[in-house]
>>> print(open('query.csv').read())   # CSV, C-alpha atoms
chain,number,residue,atom,x,y,z
F,1,MET,CA,24.6,14.8,-38.7
F,2,CYS,CA,25.7,15.8,-35.2
F,3,ASN,CA,26.5,19.4,-34.4
F,4,PRO,CA,30.2,20.3,-34.4
F,5,GLN,CA,31.7,20.5,-30.9
F,6,LYS,CA,32.4,23.9,-29.5
F,7,LEU,CA,36.1,24.3,-28.8
F,8,LEU,CA,36.7,28.0,-28.1
F,9,GLU,CA,34.0,30.6,-27.1
F,10,ILE,CA,34.9,34.2,-26.6
F,11,ILE,CA,32.0,36.1,-24.8
F,12,ASP,CA,31.8,39.9,-24.6
F,13,LEU,CA,35.6,40.2,-24.2
F,14,HIS,CA,37.0,43.6,-23.2
F,15,VAL,CA,40.8,44.1,-23.0
F,16,SER,CA,42.9,47.1,-22.0
F,17,ILE,CA,46.6,47.9,-22.1
F,18,GLU,CA,47.4,50.1,-19.1
F,19,ASP,CA,44.4,52.5,-19.2
F,20,LYS,CA,43.7,52.2,-22.9
F,21,LYS,CA,40.7,50.2,-24.0
F,22,ILE,CA,41.6,48.0,-27.0
F,23,LEU,CA,39.0,45.3,-27.4
F,24,LYS,CA,35.4,46.4,-26.8
F,25,GLY,CA,33.2,43.3,-26.6
F,26,ILE,CA,34.5,40.5,-28.8
F,27,ASN,CA,32.1,37.6,-29.4
F,28,LEU,CA,33.5,34.6,-31.4
F,29,THR,CA,32.8,30.9,-31.3
F,30,ILE,CA,35.1,28.3,-33.0
F,31,HIS,CA,34.2,24.6,-33.3
F,32,ARG,CA,36.5,21.7,-33.9
F,33,GLY,CA,37.5,21.3,-37.5
F,34,GLU,CA,36.9,25.0,-38.3
F,35,ILE,CA,39.3,27.6,-39.6
F,36,HIS,CA,38.5,31.2,-38.9
F,37,ALA,CA,40.3,34.3,-40.2
F,38,LEU,CA,40.4,37.6,-38.2
F,39,MET,CA,41.3,40.5,-40.4
F,40,GLY,CA,41.5,44.2,-39.9
F,41,PRO,CA,43.7,47.3,-40.4
F,42,ASN,CA,46.7,48.0,-38.2
F,43,GLY,CA,45.8,49.0,-34.7
F,44,SER,CA,42.4,47.4,-34.8
F,45,GLY,CA,43.3,45.0,-31.9
F,46,LYS,CA,44.1,41.7,-33.7
F,47,SER,CA,47.3,40.9,-31.9
F,48,THR,CA,45.8,42.1,-28.6
F,49,LEU,CA,43.2,39.4,-28.9
F,50,ALA,CA,45.9,36.8,-29.6
F,51,ASN,CA,47.9,37.9,-26.6
F,52,ALA,CA,44.9,38.1,-24.3
F,53,LEU,CA,43.8,34.6,-25.2
F,54,MET,CA,47.3,33.3,-24.2
F,55,GLY,CA,47.3,35.2,-21.0
F,56,HIS,CA,50.0,37.8,-21.6
F,57,PRO,CA,50.2,39.8,-18.4
F,58,ALA,CA,50.4,43.2,-20.2
F,59,TYR,CA,46.9,42.6,-21.6
F,60,ARG,CA,44.2,43.1,-18.9
F,61,VAL,CA,40.8,41.5,-19.4
F,62,THR,CA,38.3,43.9,-17.8
F,63,LYS,CA,35.1,42.0,-18.8
F,64,GLY,CA,34.0,38.8,-20.5
F,65,LYS,CA,34.8,35.1,-20.6
F,66,VAL,CA,37.0,32.9,-22.7
F,67,ILE,CA,35.7,29.3,-22.6
F,68,PHE,CA,38.1,26.7,-24.0
F,69,LYS,CA,37.1,23.0,-23.9
F,70,GLY,CA,34.4,23.9,-21.4
F,71,GLN,CA,36.6,25.8,-19.0
F,72,ASN,CA,36.9,29.6,-18.4
F,73,ILE,CA,40.6,30.0,-18.9
F,74,LEU,CA,41.0,33.7,-17.9
F,75,LYS,CA,42.4,32.9,-14.5
F,76,MET,CA,44.9,30.3,-15.9
F,77,SER,CA,48.5,31.1,-16.4
F,78,PRO,CA,49.9,30.9,-20.0
F,79,ASP,CA,51.6,27.6,-19.1
F,80,GLU,CA,48.2,26.2,-18.0
F,81,ARG,CA,46.5,27.3,-21.1
F,82,ALA,CA,49.3,25.7,-23.2
F,83,ARG,CA,48.9,22.4,-21.3
F,84,LEU,CA,45.2,22.5,-22.0
F,85,GLY,CA,45.9,22.7,-25.7
F,86,LEU,CA,46.1,26.4,-26.7
F,87,PHE,CA,49.0,27.4,-29.1
F,88,LEU,CA,50.0,30.8,-30.3
F,89,ALA,CA,52.4,31.2,-33.3
F,90,PHE,CA,54.0,34.6,-32.8
F,91,GLN,CA,54.3,37.3,-35.4
F,92,TYR,CA,58.0,37.9,-34.5
F,93,PRO,CA,59.5,34.6,-33.0
F,94,THR,CA,62.4,35.3,-30.7
F,95,ALA,CA,65.9,34.0,-31.4
F,96,ILE,CA,67.6,32.0,-28.7
F,97,PRO,CA,71.3,31.6,-29.4
F,98,GLY,CA,72.9,28.6,-27.7
F,99,VAL,CA,69.6,26.5,-27.6
F,100,THR,CA,69.1,24.1,-30.4
F,101,VAL,CA,65.8,23.6,-32.1
F,102,SER,CA,65.8,20.0,-30.9
F,103,ASN,CA,66.5,20.9,-27.2
F,104,PHE,CA,63.9,23.6,-27.3
F,105,LEU,CA,61.3,21.3,-28.7
F,106,ARG,CA,62.0,18.5,-26.2
F,107,THR,CA,61.6,21.1,-23.3
F,108,ALA,CA,58.4,22.4,-24.9
F,109,VAL,CA,56.9,18.9,-25.3
F,110,ASN,CA,57.7,17.9,-21.7
F,111,SER,CA,56.2,21.2,-20.5
F,112,VAL,CA,52.7,20.1,-21.7
F,113,ARG,CA,53.0,16.4,-20.7
F,114,ASN,CA,52.3,14.8,-17.3
F,115,GLU,CA,55.4,12.5,-17.8
F,116,GLU,CA,58.6,13.4,-19.6
F,117,ILE,CA,59.1,11.8,-23.0
F,118,ASN,CA,62.3,9.8,-23.2
F,119,VAL,CA,65.0,10.8,-25.6
F,120,LEU,CA,64.6,7.9,-28.1
F,121,ASP,CA,60.8,8.3,-28.3
F,122,PHE,CA,61.2,12.1,-28.7
F,123,HIS,CA,63.7,11.8,-31.6
F,124,LYS,CA,61.6,9.1,-33.3
F,125,ARG,CA,58.5,11.4,-33.2
F,126,LEU,CA,60.6,14.4,-34.2
F,127,ASN,CA,62.0,12.6,-37.3
F,128,GLU,CA,58.4,11.5,-38.3
F,129,LYS,CA,57.1,15.0,-38.1
F,130,MET,CA,60.0,16.5,-40.0
F,131,LYS,CA,59.5,13.9,-42.7
F,132,MET,CA,55.8,14.9,-42.9
F,133,LEU,CA,56.9,18.5,-43.3
F,134,ALA,CA,59.7,17.7,-45.8
F,135,MET,CA,62.2,19.4,-43.5
F,136,ASP,CA,65.9,18.6,-43.5
F,137,LYS,CA,67.1,16.8,-40.3
F,138,SER,CA,70.0,19.3,-39.9
F,139,PHE,CA,67.4,22.0,-39.1
F,140,THR,CA,67.0,20.8,-35.5
F,141,LYS,CA,70.8,21.2,-34.8
F,142,ARG,CA,70.6,24.9,-35.4
F,143,TYR,CA,70.1,27.4,-32.7
F,144,LEU,CA,66.5,28.5,-32.4
F,145,ASN,CA,65.6,31.2,-34.8
F,146,ASP,CA,69.3,32.4,-34.8
F,147,GLY,CA,70.1,33.7,-38.3
F,148,PHE,CA,66.9,32.1,-39.6
F,149,SER,CA,65.1,33.6,-42.6
F,150,GLY,CA,61.5,34.7,-42.2
F,151,GLY,CA,60.3,31.5,-43.8
F,152,GLU,CA,62.6,29.3,-41.5
F,153,LYS,CA,61.2,31.1,-38.4
F,154,LYS,CA,57.7,30.3,-39.4
F,155,GLN,CA,58.6,26.7,-40.3
F,156,SER,CA,60.1,26.4,-36.9
F,157,GLU,CA,56.8,27.4,-35.3
F,158,VAL,CA,54.9,24.9,-37.5
F,159,LEU,CA,57.3,22.2,-36.3
F,160,GLN,CA,56.6,23.2,-32.7
F,161,LEU,CA,52.9,23.0,-33.5
F,162,VAL,CA,53.1,19.5,-34.8
F,163,MET,CA,55.2,18.3,-31.9
F,164,LEU,CA,52.9,19.9,-29.3
F,165,GLU,CA,49.7,18.7,-31.0
F,166,PRO,CA,47.5,21.5,-29.6
F,167,GLU,CA,43.7,21.6,-30.1
F,168,MET,CA,43.4,25.3,-30.8
F,169,VAL,CA,45.9,27.1,-32.9
F,170,ILE,CA,46.2,30.9,-33.2
F,171,LEU,CA,48.4,32.1,-36.0
F,172,ASP,CA,49.3,35.8,-35.4
F,173,GLU,CA,50.3,37.3,-38.8
F,174,THR,CA,52.2,34.2,-39.8
F,175,ASP,CA,52.5,35.6,-43.3
F,176,SER,CA,54.3,38.7,-42.1
F,177,GLY,CA,57.7,39.1,-43.8
F,178,LEU,CA,57.3,36.0,-46.1
F,179,ASP,CA,57.9,36.1,-49.8
F,180,ILE,CA,55.5,34.2,-52.0
F,181,ASP,CA,57.6,31.0,-52.1
F,182,ALA,CA,58.1,30.9,-48.3
F,183,LEU,CA,54.4,31.6,-47.9
F,184,LYS,CA,53.4,28.6,-50.1
F,185,ILE,CA,55.7,26.3,-48.1
F,186,VAL,CA,54.5,27.5,-44.7
F,187,SER,CA,50.8,27.4,-45.8
F,188,SER,CA,51.3,23.8,-47.2
F,189,ASP,CA,52.8,22.8,-43.8
F,190,ILE,CA,49.9,24.3,-41.9
F,191,ASN,CA,47.3,22.6,-44.1
F,192,LYS,CA,49.0,19.2,-43.4
F,193,VAL,CA,48.6,19.9,-39.6
F,194,MET,CA,45.0,20.9,-39.6
F,195,ASN,CA,42.5,18.2,-38.7
F,196,GLU,CA,38.8,17.7,-37.7
F,197,ASN,CA,39.6,17.8,-34.0
F,198,MET,CA,41.5,21.1,-34.1
F,199,GLY,CA,40.3,24.7,-34.4
F,200,MET,CA,42.4,27.4,-36.0
F,201,LEU,CA,42.3,31.2,-35.9
F,202,ILE,CA,44.4,33.0,-38.6
F,203,ILE,CA,45.1,36.6,-37.7
F,204,THR,CA,46.2,38.6,-40.7
F,205,HIS,CA,46.2,42.0,-42.3
F,206,TYR,CA,46.4,40.6,-45.9
F,207,VAL,CA,44.2,38.2,-47.9
F,208,ARG,CA,47.1,36.4,-49.6
F,209,ILE,CA,47.6,33.7,-46.9
F,210,LEU,CA,43.9,32.9,-47.1
F,211,GLN,CA,44.4,32.0,-50.7
F,212,TYR,CA,46.4,29.0,-49.5
F,213,ILE,CA,44.7,28.2,-46.1
F,214,LYS,CA,41.0,28.7,-46.9
F,215,PRO,CA,39.0,29.6,-43.9
F,216,GLN,CA,35.3,28.8,-43.6
F,217,PHE,CA,34.7,32.0,-41.6
F,218,VAL,CA,36.1,35.5,-42.0
F,219,HIS,CA,35.7,38.3,-39.4
F,220,ILE,CA,36.6,41.9,-39.7
F,221,LEU,CA,37.9,43.7,-36.6
F,222,PHE,CA,37.8,47.5,-36.6
F,223,ASN,CA,38.4,49.8,-33.6
F,224,GLY,CA,38.3,46.8,-31.1
F,225,GLU,CA,35.0,45.3,-32.4
F,226,ILE,CA,34.1,42.6,-34.9
F,227,VAL,CA,32.0,44.7,-37.4
F,228,GLU,CA,31.4,42.1,-40.0
F,229,SER,CA,31.5,38.3,-40.4
F,230,GLY,CA,31.0,36.0,-43.4
F,231,ASP,CA,32.5,33.2,-45.4
F,232,TYR,CA,35.6,33.3,-47.6
F,233,SER,CA,33.9,35.7,-50.0
F,234,LEU,CA,34.2,38.4,-47.4
F,235,ALA,CA,38.0,38.2,-47.7
F,236,GLU,CA,37.7,38.5,-51.5
F,237,HIS,CA,35.4,41.5,-51.1
F,238,LEU,CA,38.0,43.1,-48.8
F,239,GLU,CA,40.7,42.4,-51.3
F,240,GLU,CA,38.7,44.2,-53.9
F,241,LYS,CA,37.5,47.2,-51.8
F,242,GLY,CA,40.1,47.5,-49.1
F,243,TYR,CA,39.8,48.4,-45.5
F,244,ASN,CA,38.8,52.0,-46.2
F,245,PHE,CA,35.6,50.7,-47.6
F,246,ILE,CA,34.8,48.8,-44.4
F,247,MET,CA,35.8,51.7,-42.2
F,248,ASN,CA,33.7,54.2,-44.2
F,249,GLU,CA,30.7,51.9,-43.9
F,250,GLU,CA,31.1,51.7,-40.1
F,251,GLN,CA,31.5,55.5,-39.7
F,252,ASN,CA,28.4,56.3,-41.9
>>> encode(input="query.csv", output="structure tokens")
Amino acid sequence: MCNPQKLLEIIDLHVSIEDKKILKGINLTIHRGEIHALMGPNGSGKSTLANALMGHPAYRVTKGKVIFKGQNILKMSPDERARLGLFLAFQYPTAIPGVTVSNFLRTAVNSVRNEEINVLDFHKRLNEKMKMLAMDKSFTKRYLNDGFSGGEKKQSEVLQLVMLEPEMVILDETDSGLDIDALKIVSSDINKVMNENMGMLIITHYVRILQYIKPQFVHILFNGEIVESGDYSLAEHLEEKGYNFIMNEEQN
């Protein structure tokens, strides 16, 4: 059996916001076909990592490398990273009144293509993806995230994901604000999307989403550092013992 192909490699990554050090030497490798979960208490630096990977200007990388598909992407703009195949699903998606989901998706798809997709091909593809996700066609006529429930906002992001077909997906607290029924629907959609050529990083505070999207690898982030890594059983251990147990272990 051949070794899995390295997709994303984070090497000794240090990130600051203004003068405050947030991440203090993150090392993480994700291969194609792998699902990793990054867990940690509030303020540990989880969302900082997500934003730094996508090139948010407020997050300053002071040291380290991020190698994606063999290229160091740290000097690339967020648009260039997206074109290369990196996708971030935000914790709090923004509402855009006046812009339909359909128009937004077509603009997003064209932004990562060398040639614009024509209208007929776009709608054919959109209908196929919505059928796969069991979504009502009327959804795309609504204004993006305007008046959407928490579950609808997350479904909208999954629809963006399947239309853009990225190779590396970062889900930043996708389970935030979802009730159990919405979580099951969104998790089912994400499982349909995942394939052997894609990598996925699930950033979450809670174990519950991992009960539906099972990661092969789980990492615990505390005070800007990955302090423990393991398989899914680490998440179960965390569910039983809580973050205080991990934090006390680190401080002793």
>>> residues_near_point(input="query.csv", point="(50.7, 39.5, -39.1)", cutoff="8 Å", atoms="all atoms listed in the file", output="count of residues only")
9
>>> residues_around(input="query.csv", residues="Pro215 in chain F", least_positions_apart="3", cutoff="8 Å", atoms="all atoms listed in the file", output="PyMOL selection string")
chain F and resi 34-37+210+218+231-232
>>> atom_distance(input="query.csv", atom1="CA of Ala134 in chain F", atom2="CA of Phe148 in chain F")
17.3 Å
>>> closest_residue(input="query.csv", among="F:Leu144, F:Leu221, F:Ala82, F:Ala52", to="Val112 in chain F", atoms="all atoms listed in the file")
F:Ala82
>>> residues_around(input="query.csv", residues="Lys184 in chain F", least_positions_apart="5", cutoff="10 Å", atoms="only C-alpha atoms", output="PDB file with C-alpha atoms, in the frame of the given file")
ATOM      1  CA  GLY F 151      60.300  31.500 -43.800  1.00  0.00           C
ATOM      2  CA  ASP F 175      52.500  35.600 -43.300  1.00  0.00           C
ATOM      3  CA  LEU F 178      57.300  36.000 -46.100  1.00  0.00           C
ATOM      4  CA  ASP F 179      57.900  36.100 -49.800  1.00  0.00           C
ATOM      5  CA  ASP F 189      52.800  22.800 -43.800  1.00  0.00           C
ATOM      6  CA  ILE F 190      49.900  24.300 -41.900  1.00  0.00           C
ATOM      7  CA  ILE F 209      47.600  33.700 -46.900  1.00  0.00           C
ATOM      8  CA  GLN F 211      44.400  32.000 -50.700  1.00  0.00           C
ATOM      9  CA  TYR F 212      46.400  29.000 -49.500  1.00  0.00           C
ATOM     10  CA  ILE F 213      44.700  28.200 -46.100  1.00  0.00           C
TER      11      ILE F 213
END
>>> closest_residue(input="query.csv", among="F:Ser44, F:His14, F:Ile26, F:Phe245", to="Asn223 in chain F", atoms="all atoms listed in the file")
F:Ser44
